[in-house]
file entry_2.pdb (PDB, C-alpha atoms)
ATOM      1  CA  MET A   1       5.234-242.136   2.700  1.00  0.00           C
ATOM      2  CA  HIS A   2       7.341-244.437   4.845  1.00  0.00           C
ATOM      3  CA  HIS A   3      10.167-246.839   4.090  1.00  0.00           C
ATOM      4  CA  LYS A   4       9.323-249.981   2.123  1.00  0.00           C
ATOM      5  CA  ASN A   5      11.144-253.168   1.219  1.00  0.00           C
ATOM      6  CA  ILE A   6      11.131-254.625  -2.292  1.00  0.00           C
ATOM      7  CA  LEU A   7      12.240-258.061  -3.443  1.00  0.00           C
ATOM      8  CA  LEU A   8      13.293-258.363  -7.081  1.00  0.00           C
ATOM      9  CA  ILE A   9      13.232-261.880  -8.515  1.00  0.00           C
ATOM     10  CA  ALA A  10      15.081-261.993 -11.825  1.00  0.00           C
ATOM     11  CA  GLN A  11      17.165-264.484 -13.745  1.00  0.00           C
ATOM     12  CA  THR A  12      19.093-261.741 -15.576  1.00  0.00           C
ATOM     13  CA  PRO A  13      20.521-258.370 -14.435  1.00  0.00           C
ATOM     14  CA  ARG A  14      18.679-256.344 -17.066  1.00  0.00           C
ATOM     15  CA  THR A  15      16.511-254.498 -14.504  1.00  0.00           C
ATOM     16  CA  HIS A  16      19.284-253.832 -11.991  1.00  0.00           C
ATOM     17  CA  GLU A  17      19.920-250.296 -13.255  1.00  0.00           C
ATOM     18  CA  ARG A  18      16.211-249.521 -12.840  1.00  0.00           C
ATOM     19  CA  MET A  19      16.401-250.829  -9.281  1.00  0.00           C
ATOM     20  CA  ARG A  20      19.307-248.539  -8.480  1.00  0.00           C
ATOM     21  CA  ALA A  21      17.278-245.625  -9.852  1.00  0.00           C
ATOM     22  CA  LEU A  22      14.291-246.628  -7.699  1.00  0.00           C
ATOM     23  CA  GLN A  23      16.429-246.555  -4.572  1.00  0.00           C
ATOM     24  CA  ARG A  24      17.580-243.046  -5.477  1.00  0.00           C
ATOM     25  CA  GLU A  25      14.057-241.740  -6.080  1.00  0.00           C
ATOM     26  CA  LEU A  26      11.909-243.647  -3.570  1.00  0.00           C
ATOM     27  CA  ASP A  27      12.245-244.448   0.121  1.00  0.00           C
ATOM     28  CA  VAL A  28      12.833-248.150  -0.509  1.00  0.00           C
ATOM     29  CA  SER A  29      15.368-250.903   0.062  1.00  0.00           C
ATOM     30  CA  ILE A  30      15.683-253.555  -2.644  1.00  0.00           C
ATOM     31  CA  LEU A  31      16.930-257.107  -2.202  1.00  0.00           C
ATOM     32  CA  LEU A  32      17.954-258.925  -5.384  1.00  0.00           C
ATOM     33  CA  ALA A  33      17.252-262.626  -5.819  1.00  0.00           C
ATOM     34  CA  THR A  34      17.321-265.211  -8.561  1.00  0.00           C
ATOM     35  CA  PRO A  35      14.873-268.123  -8.706  1.00  0.00           C
ATOM     36  CA  GLU A  36      17.639-270.232  -7.158  1.00  0.00           C
ATOM     37  CA  THR A  37      18.105-267.854  -4.198  1.00  0.00           C
ATOM     38  CA  PHE A  38      14.402-266.960  -3.752  1.00  0.00           C
ATOM     39  CA  ASP A  39      13.908-269.382  -0.865  1.00  0.00           C
ATOM     40  CA  GLU A  40      16.951-267.956   0.913  1.00  0.00           C
ATOM     41  CA  ALA A  41      15.679-264.399   0.395  1.00  0.00           C
ATOM     42  CA  ILE A  42      12.246-265.019   1.888  1.00  0.00           C
ATOM     43  CA  LYS A  43      13.831-266.723   4.908  1.00  0.00           C
ATOM     44  CA  SER A  44      16.228-263.812   5.480  1.00  0.00           C
ATOM     45  CA  GLY A  45      13.967-262.173   8.043  1.00  0.00           C
ATOM     46  CA  HIS A  46      12.908-259.287   5.785  1.00  0.00           C
ATOM     47  CA  GLU A  47       9.264-258.391   5.382  1.00  0.00           C
ATOM     48  CA  PHE A  48       8.644-257.364   1.784  1.00  0.00           C
ATOM     49  CA  ASP A  49       6.036-254.814   0.714  1.00  0.00           C
ATOM     50  CA  LEU A  50       6.370-255.474  -3.026  1.00  0.00           C
ATOM     51  CA  LEU A  51       7.692-258.213  -5.279  1.00  0.00           C
ATOM     52  CA  ILE A  52       9.078-257.244  -8.691  1.00  0.00           C
ATOM     53  CA  ILE A  53       9.161-260.310 -10.913  1.00  0.00           C
ATOM     54  CA  ASP A  54      11.057-260.292 -14.185  1.00  0.00           C
ATOM     55  CA  VAL A  55       9.329-263.154 -15.983  1.00  0.00           C
ATOM     56  CA  VAL A  56      12.079-263.856 -18.541  1.00  0.00           C
ATOM     57  CA  GLY A  57      13.717-267.213 -17.843  1.00  0.00           C
ATOM     58  CA  LEU A  58      11.348-268.134 -15.003  1.00  0.00           C
ATOM     59  CA  LYS A  59       9.826-271.606 -14.964  1.00  0.00           C
ATOM     60  CA  GLN A  60       6.404-272.707 -13.763  1.00  0.00           C
ATOM     61  CA  ASP A  61       7.903-274.049 -10.532  1.00  0.00           C
ATOM     62  CA  ASP A  62       9.348-270.579  -9.873  1.00  0.00           C
ATOM     63  CA  PHE A  63       5.946-268.935 -10.352  1.00  0.00           C
ATOM     64  CA  ASN A  64       4.334-271.554  -8.084  1.00  0.00           C
ATOM     65  CA  ALA A  65       6.827-270.801  -5.299  1.00  0.00           C
ATOM     66  CA  ILE A  66       6.260-267.066  -5.656  1.00  0.00           C
ATOM     67  CA  ASP A  67       2.471-267.499  -5.653  1.00  0.00           C
ATOM     68  CA  THR A  68       2.631-269.557  -2.475  1.00  0.00           C
ATOM     69  CA  TYR A  69       4.750-266.926  -0.728  1.00  0.00           C
ATOM     70  CA  VAL A  70       2.460-264.086  -1.851  1.00  0.00           C
ATOM     71  CA  VAL A  71      -0.689-265.847  -0.645  1.00  0.00           C
ATOM     72  CA  ASP A  72       0.851-266.964   2.653  1.00  0.00           C
ATOM     73  CA  ASN A  73       1.866-263.371   3.391  1.00  0.00           C
ATOM     74  CA  GLY A  74      -1.449-261.637   2.814  1.00  0.00           C
ATOM     75  CA  PHE A  75      -1.217-261.118  -0.944  1.00  0.00           C
ATOM     76  CA  ILE A  76       1.895-258.966  -1.232  1.00  0.00           C
ATOM     77  CA  PRO A  77       1.576-256.607  -4.249  1.00  0.00           C
ATOM     78  CA  GLU A  78       3.403-257.743  -7.381  1.00  0.00           C
ATOM     79  CA  LEU A  79       4.880-255.909 -10.360  1.00  0.00           C
ATOM     80  CA  PHE A  80       5.609-258.140 -13.351  1.00  0.00           C
ATOM     81  CA  VAL A  81       8.286-257.152 -15.862  1.00  0.00           C
ATOM     82  CA  THR A  82       7.915-258.552 -19.367  1.00  0.00           C
ATOM     83  CA  ASP A  83       8.816-257.937 -23.002  1.00  0.00           C
ATOM     84  CA  ALA A  84       6.550-256.326 -25.580  1.00  0.00           C
ATOM     85  CA  ASP A  85       6.232-259.552 -27.571  1.00  0.00           C
ATOM     86  CA  LYS A  86       5.305-261.538 -24.451  1.00  0.00           C
ATOM     87  CA  ILE A  87       2.403-259.398 -23.203  1.00  0.00           C
ATOM     88  CA  ASN A  88      -0.256-261.687 -24.682  1.00  0.00           C
ATOM     89  CA  SER A  89       1.131-264.658 -22.747  1.00  0.00           C
ATOM     90  CA  LEU A  90       1.366-262.796 -19.430  1.00  0.00           C
ATOM     91  CA  HIS A  91      -1.232-263.995 -16.913  1.00  0.00           C
ATOM     92  CA  LEU A  92      -1.661-261.711 -13.915  1.00  0.00           C
ATOM     93  CA  PRO A  93      -2.963-263.111 -10.617  1.00  0.00           C
ATOM     94  CA  VAL A  94      -6.692-262.726 -10.090  1.00  0.00           C
ATOM     95  CA  GLN A  95      -6.262-261.926  -6.393  1.00  0.00           C
ATOM     96  CA  GLY A  96      -4.218-259.215  -4.745  1.00  0.00           C
ATOM     97  CA  LYS A  97      -2.780-256.019  -6.181  1.00  0.00           C
ATOM     98  CA  CYS A  98      -0.609-256.365  -9.241  1.00  0.00           C
ATOM     99  CA  ASP A  99       0.564-254.492 -12.310  1.00  0.00           C
ATOM    100  CA  PHE A 100       3.002-254.999 -15.158  1.00  0.00           C
ATOM    101  CA  THR A 101       5.532-252.964 -17.085  1.00  0.00           C
ATOM    102  CA  LEU A 102       7.880-253.527 -19.982  1.00  0.00           C
ATOM    103  CA  ALA A 103      11.523-254.295 -19.318  1.00  0.00           C
ATOM    104  CA  THR A 104      12.377-251.322 -21.545  1.00  0.00           C
ATOM    105  CA  ALA A 105      10.180-248.874 -19.621  1.00  0.00           C
ATOM    106  CA  ASN A 106      11.996-245.778 -18.457  1.00  0.00           C
ATOM    107  CA  GLU A 107      12.780-244.905 -14.856  1.00  0.00           C
ATOM    108  CA  ALA A 108       9.689-242.717 -14.492  1.00  0.00           C
ATOM    109  CA  GLU A 109       7.442-245.649 -15.456  1.00  0.00           C
ATOM    110  CA  TYR A 110       9.053-247.947 -12.893  1.00  0.00           C
ATOM    111  CA  GLU A 111       8.822-245.285 -10.205  1.00  0.00           C
ATOM    112  CA  LEU A 112       5.165-244.585 -10.936  1.00  0.00           C
ATOM    113  CA  ARG A 113       4.037-248.206 -11.004  1.00  0.00           C
ATOM    114  CA  CYS A 114       5.955-249.122  -7.863  1.00  0.00           C
ATOM    115  CA  SER A 115       4.595-246.062  -6.029  1.00  0.00           C
ATOM    116  CA  ARG A 116       1.010-246.992  -6.941  1.00  0.00           C
ATOM    117  CA  LEU A 117       1.477-250.464  -5.470  1.00  0.00           C
ATOM    118  CA  LEU A 118       3.489-249.420  -2.405  1.00  0.00           C
ATOM    119  CA  TRP A 119       1.513-246.333  -1.372  1.00  0.00           C
ATOM    120  CA  PRO A 120      -1.974-246.785  -2.864  1.00  0.00           C
ATOM    121  CA  ASN A 121      -3.600-244.364  -0.431  1.00  0.00           C
ATOM    122  CA  GLU A 122      -0.992-241.665  -0.951  1.00  0.00           C
ATOM    123  CA  GLU A 123      -0.743-241.633  -4.718  1.00  0.00           C
ATOM    124  CA  SER A 124      -1.595-238.461  -6.532  1.00  0.00           C
ATOM    125  CA  GLY A 125      -3.560-238.719  -9.762  1.00  0.00           C
ATOM    126  CA  PRO A 126      -2.087-235.570 -11.323  1.00  0.00           C
ATOM    127  CA  ALA A 127       1.412-237.083 -10.966  1.00  0.00           C
ATOM    128  CA  ASP A 128       0.408-239.590 -13.635  1.00  0.00           C
ATOM    129  CA  ILE A 129      -0.163-236.790 -16.137  1.00  0.00           C
ATOM    130  CA  VAL A 130       2.510-234.872 -18.037  1.00  0.00           C
ATOM    131  CA  SER A 131       1.358-231.917 -20.142  1.00  0.00           C
ATOM    132  CA  VAL A 132       3.405-229.962 -22.659  1.00  0.00           C
ATOM    133  CA  ASP A 133       1.640-227.369 -24.826  1.00  0.00           C
ATOM    134  CA  ASN A 134      -1.188-229.243 -26.579  1.00  0.00           C
ATOM    135  CA  MET A 135       0.099-232.712 -25.617  1.00  0.00           C
ATOM    136  CA  THR A 136      -0.910-234.790 -22.600  1.00  0.00           C
ATOM    137  CA  ILE A 137       0.807-238.047 -21.630  1.00  0.00           C
ATOM    138  CA  ASN A 138      -0.854-240.397 -19.163  1.00  0.00           C
ATOM    139  CA  LEU A 139       2.034-242.399 -17.705  1.00  0.00           C
ATOM    140  CA  ALA A 140      -0.352-244.779 -15.944  1.00  0.00           C
ATOM    141  CA  THR A 141      -2.189-245.862 -19.094  1.00  0.00           C
ATOM    142  CA  TYR A 142       0.518-245.401 -21.764  1.00  0.00           C
ATOM    143  CA  GLN A 143      -1.714-242.955 -23.658  1.00  0.00           C
ATOM    144  CA  VAL A 144      -0.782-239.764 -25.505  1.00  0.00           C
ATOM    145  CA  TYR A 145      -3.224-237.051 -26.534  1.00  0.00           C
ATOM    146  CA  ILE A 146      -2.804-234.068 -28.842  1.00  0.00           C
ATOM    147  CA  ASP A 147      -5.566-231.479 -28.470  1.00  0.00           C
ATOM    148  CA  ASP A 148      -7.465-234.098 -26.413  1.00  0.00           C
ATOM    149  CA  LYS A 149      -7.381-236.572 -29.311  1.00  0.00           C
ATOM    150  CA  PRO A 150      -5.538-239.907 -28.844  1.00  0.00           C
ATOM    151  CA  VAL A 151      -2.316-240.426 -30.787  1.00  0.00           C
ATOM    152  CA  ASP A 152      -1.714-243.899 -32.214  1.00  0.00           C
ATOM    153  CA  LEU A 153       1.847-244.693 -31.107  1.00  0.00           C
ATOM    154  CA  THR A 154       3.562-248.057 -31.009  1.00  0.00           C
ATOM    155  CA  LEU A 155       4.952-249.188 -27.659  1.00  0.00           C
ATOM    156  CA  MET A 156       8.493-248.202 -28.621  1.00  0.00           C
ATOM    157  CA  GLU A 157       7.395-244.835 -30.024  1.00  0.00           C
ATOM    158  CA  TYR A 158       5.549-244.161 -26.766  1.00  0.00           C
ATOM    159  CA  SER A 159       8.515-245.304 -24.665  1.00  0.00           C
ATOM    160  CA  LEU A 160      10.923-243.062 -26.580  1.00  0.00           C
ATOM    161  CA  LEU A 161       8.643-240.031 -26.358  1.00  0.00           C
ATOM    162  CA  SER A 162       7.804-240.506 -22.672  1.00  0.00           C
ATOM    163  CA  PHE A 163      11.482-240.978 -21.796  1.00  0.00           C
ATOM    164  CA  LEU A 164      12.502-237.738 -23.520  1.00  0.00           C
ATOM    165  CA  VAL A 165       9.571-235.804 -22.035  1.00  0.00           C
ATOM    166  CA  THR A 166      10.254-237.023 -18.489  1.00  0.00           C
ATOM    167  CA  HIS A 167      13.985-236.259 -18.887  1.00  0.00           C
ATOM    168  CA  PRO A 168      13.829-232.812 -20.524  1.00  0.00           C
ATOM    169  CA  SER A 169      16.558-230.329 -21.388  1.00  0.00           C
ATOM    170  CA  ARG A 170      19.279-232.965 -21.530  1.00  0.00           C
ATOM    171  CA  ALA A 171      20.840-234.368 -24.698  1.00  0.00           C
ATOM    172  CA  TYR A 172      20.984-238.145 -25.013  1.00  0.00           C
ATOM    173  CA  SER A 173      23.122-239.972 -27.539  1.00  0.00           C
ATOM    174  CA  ARG A 174      21.555-242.551 -29.806  1.00  0.00           C
ATOM    175  CA  GLU A 175      23.495-245.264 -27.993  1.00  0.00           C
ATOM    176  CA  THR A 176      22.159-244.083 -24.611  1.00  0.00           C
ATOM    177  CA  LEU A 177      18.598-244.011 -25.938  1.00  0.00           C
ATOM    178  CA  LEU A 178      18.991-247.562 -27.231  1.00  0.00           C
ATOM    179  CA  HIS A 179      20.199-248.587 -23.789  1.00  0.00           C
ATOM    180  CA  ARG A 180      17.587-246.683 -21.778  1.00  0.00           C
ATOM    181  CA  VAL A 181      14.526-247.166 -24.003  1.00  0.00           C
ATOM    182  CA  TRP A 182      15.086-250.374 -25.941  1.00  0.00           C
ATOM    183  CA  GLY A 183      16.898-252.123 -23.121  1.00  0.00           C
ATOM    184  CA  PHE A 184      20.112-253.952 -22.389  1.00  0.00           C
ATOM    185  CA  GLU A 185      19.474-256.795 -24.823  1.00  0.00           C
ATOM    186  CA  TYR A 186      18.661-254.722 -27.912  1.00  0.00           C
ATOM    187  CA  CYS A 187      21.133-255.453 -30.692  1.00  0.00           C
ATOM    188  CA  GLY A 188      19.851-253.120 -33.413  1.00  0.00           C
ATOM    189  CA  GLY A 189      21.766-250.187 -34.870  1.00  0.00           C
ATOM    190  CA  THR A 190      21.465-246.568 -33.830  1.00  0.00           C
ATOM    191  CA  ARG A 191      19.526-245.776 -37.007  1.00  0.00           C
ATOM    192  CA  THR A 192      16.538-247.322 -35.216  1.00  0.00           C
ATOM    193  CA  VAL A 193      16.464-244.255 -32.948  1.00  0.00           C
ATOM    194  CA  ASP A 194      16.391-241.864 -35.933  1.00  0.00           C
ATOM    195  CA  VAL A 195      13.548-243.811 -37.542  1.00  0.00           C
ATOM    196  CA  HIS A 196      11.464-243.737 -34.361  1.00  0.00           C
ATOM    197  CA  ILE A 197      12.161-240.043 -33.750  1.00  0.00           C
ATOM    198  CA  ARG A 198      10.942-239.283 -37.269  1.00  0.00           C
ATOM    199  CA  ARG A 199       7.764-241.313 -36.727  1.00  0.00           C
ATOM    200  CA  VAL A 200       7.067-239.681 -33.357  1.00  0.00           C
ATOM    201  CA  ARG A 201       7.529-236.189 -34.801  1.00  0.00           C
ATOM    202  CA  SER A 202       5.126-236.933 -37.631  1.00  0.00           C
ATOM    203  CA  LYS A 203       2.470-238.311 -35.284  1.00  0.00           C
ATOM    204  CA  VAL A 204       2.531-235.630 -32.571  1.00  0.00           C
ATOM    205  CA  GLY A 205       2.408-232.710 -34.996  1.00  0.00           C
ATOM    206  CA  PRO A 206       4.627-229.673 -35.530  1.00  0.00           C
ATOM    207  CA  GLN A 207       4.015-227.955 -32.181  1.00  0.00           C
ATOM    208  CA  ILE A 208       5.376-230.870 -30.127  1.00  0.00           C
ATOM    209  CA  ALA A 209       7.829-231.939 -32.820  1.00  0.00           C
ATOM    210  CA  ASN A 210       9.585-228.583 -32.344  1.00  0.00           C
ATOM    211  CA  HIS A 211      10.364-229.637 -28.758  1.00  0.00           C
ATOM    212  CA  ILE A 212      12.253-232.726 -29.983  1.00  0.00           C
ATOM    213  CA  VAL A 213      15.593-231.213 -30.892  1.00  0.00           C
ATOM    214  CA  THR A 214      18.374-232.899 -32.850  1.00  0.00           C
ATOM    215  CA  VAL A 215      21.739-232.155 -31.253  1.00  0.00           C
ATOM    216  CA  ARG A 216      24.311-232.506 -34.003  1.00  0.00           C
ATOM    217  CA  GLY A 217      27.049-234.976 -33.168  1.00  0.00           C
ATOM    218  CA  VAL A 218      25.240-236.094 -30.013  1.00  0.00           C
ATOM    219  CA  GLY A 219      21.634-237.213 -30.360  1.00  0.00           C
ATOM    220  CA  TYR A 220      18.322-235.779 -29.164  1.00  0.00           C
ATOM    221  CA  LEU A 221      16.793-233.769 -26.355  1.00  0.00           C
ATOM    222  CA  PHE A 222      13.321-232.624 -25.405  1.00  0.00           C
ATOM    223  CA  LYS A 223      13.337-228.821 -25.042  1.00  0.00           C
ATOM    224  CA  MET A 224      10.888-227.408 -22.514  1.00  0.00           C
TER
END
call {"tool": "encode", "arguments": {"input": "entry_2.pdb", "output": "structure tokens"}}
result
Amino acid sequence: MHHKNILLIAQTPRTHERMRALQRELDVSILLATPETFDEAIKSGHEFDLLIIDVVGLKQDDFNAIDTYVVDNGFIPELFVTDADKINSLHLPVQGKCDFTLATANEAEYELRCSRLLWPNEESGPADIVSVDNMTINLATYQVYIDDKPVDLTLMEYSLLSFLVTHPSRAYSRETLLHRVWGFEYCGGTRTVDVHIRRVRSKVGPQIANHIVTVRGVGYLFKM
């Protein structure tokens, strides 16, 4: 791997914490831009290897400007960030390399998807797979298997489980899980976390459920 430059175009700061995490984990520099400062960013003299585009709040003129820049620069790879309820309205470009992720995806998801776009010839398939006892999680396809049989999880159930599994042996409070899994803009109560933990435990079965430990007075951790 060698150093890469990323341009984030976002109207809100909700992905900024994920960007800071990316800079800690990957050999990348990240320039932040809004739709209003996009033109200034692309004229700054930087050559960008990846565009991360948070679609919330962007207008058609913004997408047109981004498309023109991507095409004029040899189809720079793009990662689109969206919300779960907006997936059906997300239209990915038909040319060039692109992918999408949810705004609430955990740090491991962002790292994986960016790595696949930035270093396509250096990616390692096994890195996409996390196995614990009889459970396998495919981080690239958002799929969970128990004894090689698919588990029917909602997006938020999957996001909660994958976050805990990829951050094992550390207790997270309900408030932190709301922040890290549901995202900055989630306004629901902490009981939402308890409900989703209960659903995940029931769906993955007792062997994996035993790994999801309730820490009294704190929250939850995934015990390896």
call {"tool": "resolve_selection", "arguments": {"input": "entry_2.pdb", "expression": "the PyMOL selection byres ((chain A and resi 51) around 9)", "output": "ChimeraX atom specification"}}
result
/A:5-9,48-50,52-53,66,70,76-80
call {"tool": "residues_around", "arguments": {"input": "entry_2.pdb", "residues": "range 166-178 of chain A", "least_positions_apart": "5", "cutoff": "12 Å", "atoms": "all atoms listed in the file", "output": "JSON, numbers by chain"}}
result
{"A": [104, 105, 106, 107, 108, 109, 111, 112, 127, 128, 129, 130, 131, 132, 137, 138, 139, 156, 157, 158, 159, 160, 161, 183, 184, 185, 186, 187, 188, 189, 190, 191, 192, 193, 194, 195, 196, 197, 211, 212, 213, 214, 215, 216, 217, 218, 219, 220, 221, 222, 223, 224]}
call {"tool": "residues_around", "arguments": {"input": "entry_2.pdb", "residues": "Gln23 in chain A", "least_positions_apart": "2", "cutoff": "12 Å", "atoms": "only C-alpha atoms", "output": "PyMOL selection string"}}
result
chain A and resi 3-6+16-21+25-31+107+110-111+114-115
call {"tool": "write_last_selection", "arguments": {"input": "entry_2.pdb", "atoms": "C-alpha atoms", "output": "PDB file, keeping the file's coordinate frame"}}
result
ATOM      1  CA  HIS A   3      10.167-246.839   4.090  1.00  0.00           C
ATOM      2  CA  LYS A   4       9.323-249.981   2.123  1.00  0.00           C
ATOM      3  CA  ASN A   5      11.144-253.168   1.219  1.00  0.00           C
ATOM      4  CA  ILE A   6      11.131-254.625  -2.292  1.00  0.00           C
ATOM      5  CA  HIS A  16      19.284-253.832 -11.991  1.00  0.00           C
ATOM      6  CA  GLU A  17      19.920-250.296 -13.255  1.00  0.00           C
ATOM      7  CA  ARG A  18      16.211-249.521 -12.840  1.00  0.00           C
ATOM      8  CA  MET A  19      16.401-250.829  -9.281  1.00  0.00           C
ATOM      9  CA  ARG A  20      19.307-248.539  -8.480  1.00  0.00           C
ATOM     10  CA  ALA A  21      17.278-245.625  -9.852  1.00  0.00           C
ATOM     11  CA  GLU A  25      14.057-241.740  -6.080  1.00  0.00           C
ATOM     12  CA  LEU A  26      11.909-243.647  -3.570  1.00  0.00           C
ATOM     13  CA  ASP A  27      12.245-244.448   0.121  1.00  0.00           C
ATOM     14  CA  VAL A  28      12.833-248.150  -0.509  1.00  0.00           C
ATOM     15  CA  SER A  29      15.368-250.903   0.062  1.00  0.00           C
ATOM     16  CA  ILE A  30      15.683-253.555  -2.644  1.00  0.00           C
ATOM     17  CA  LEU A  31      16.930-257.107  -2.202  1.00  0.00           C
ATOM     18  CA  GLU A 107      12.780-244.905 -14.856  1.00  0.00           C
ATOM     19  CA  TYR A 110       9.053-247.947 -12.893  1.00  0.00           C
ATOM     20  CA  GLU A 111       8.822-245.285 -10.205  1.00  0.00           C
ATOM     21  CA  CYS A 114       5.955-249.122  -7.863  1.00  0.00           C
ATOM     22  CA  SER A 115       4.595-246.062  -6.029  1.00  0.00           C
TER      23      SER A 115
END
call {"tool": "atom_distance", "arguments": {"input": "entry_2.pdb", "atom1": "CA of Tyr69 in chain A", "atom2": "CA of Asp85 in chain A"}}
result
27.9 Å
call {"tool": "atom_distance", "arguments": {"input": "entry_2.pdb", "atom1": "CA of Asn88 in chain A", "atom2": "CA of Arg180 in chain A"}}
result
23.5 Å
call {"tool": "axis_aligned_box", "arguments": {"input": "entry_2.pdb", "around": "range 55-73 of chain A", "padding_each_side": "4 Å", "output": "AutoDock Vina command-line options"}}
result
--center_x 6.5 --center_y -268.6 --center_z -7.6 --size_x 22.4 --size_y 18.9 --size_z 29.9
call {"tool": "atom_distance", "arguments": {"input": "entry_2.pdb", "atom1": "CA of Val55 in chain A", "atom2": "CA of Ala10 in chain A"}}
result
7.2 Å
call {"tool": "residues_around", "arguments": {"input": "entry_2.pdb", "residues": "Val204 in chain A", "least_positions_apart": "6", "cutoff": "9 Å", "atoms": "all atoms listed in the file", "output": "short mmCIF file (atom, residue, chain, number, x, y, z; two decimals) with C-alpha atoms, in the coordinates of the input"}}
result
data_model
loop_
_atom_site.label_atom_id
_atom_site.label_comp_id
_atom_site.auth_asym_id
_atom_site.auth_seq_id
_atom_site.Cartn_x
_atom_site.Cartn_y
_atom_site.Cartn_z
CA MET A 135 0.10 -232.71 -25.62
CA VAL A 144 -0.78 -239.76 -25.50
CA TYR A 145 -3.22 -237.05 -26.53
CA ILE A 146 -2.80 -234.07 -28.84
CA VAL A 151 -2.32 -240.43 -30.79
#
call {"tool": "closest_residue", "arguments": {"input": "entry_2.pdb", "among": "A:Thr154, A:Asn134, A:Ser44, A:Gly57", "to": "Thr82 in chain A", "atoms": "only C-alpha atoms"}}
result
A:Gly57
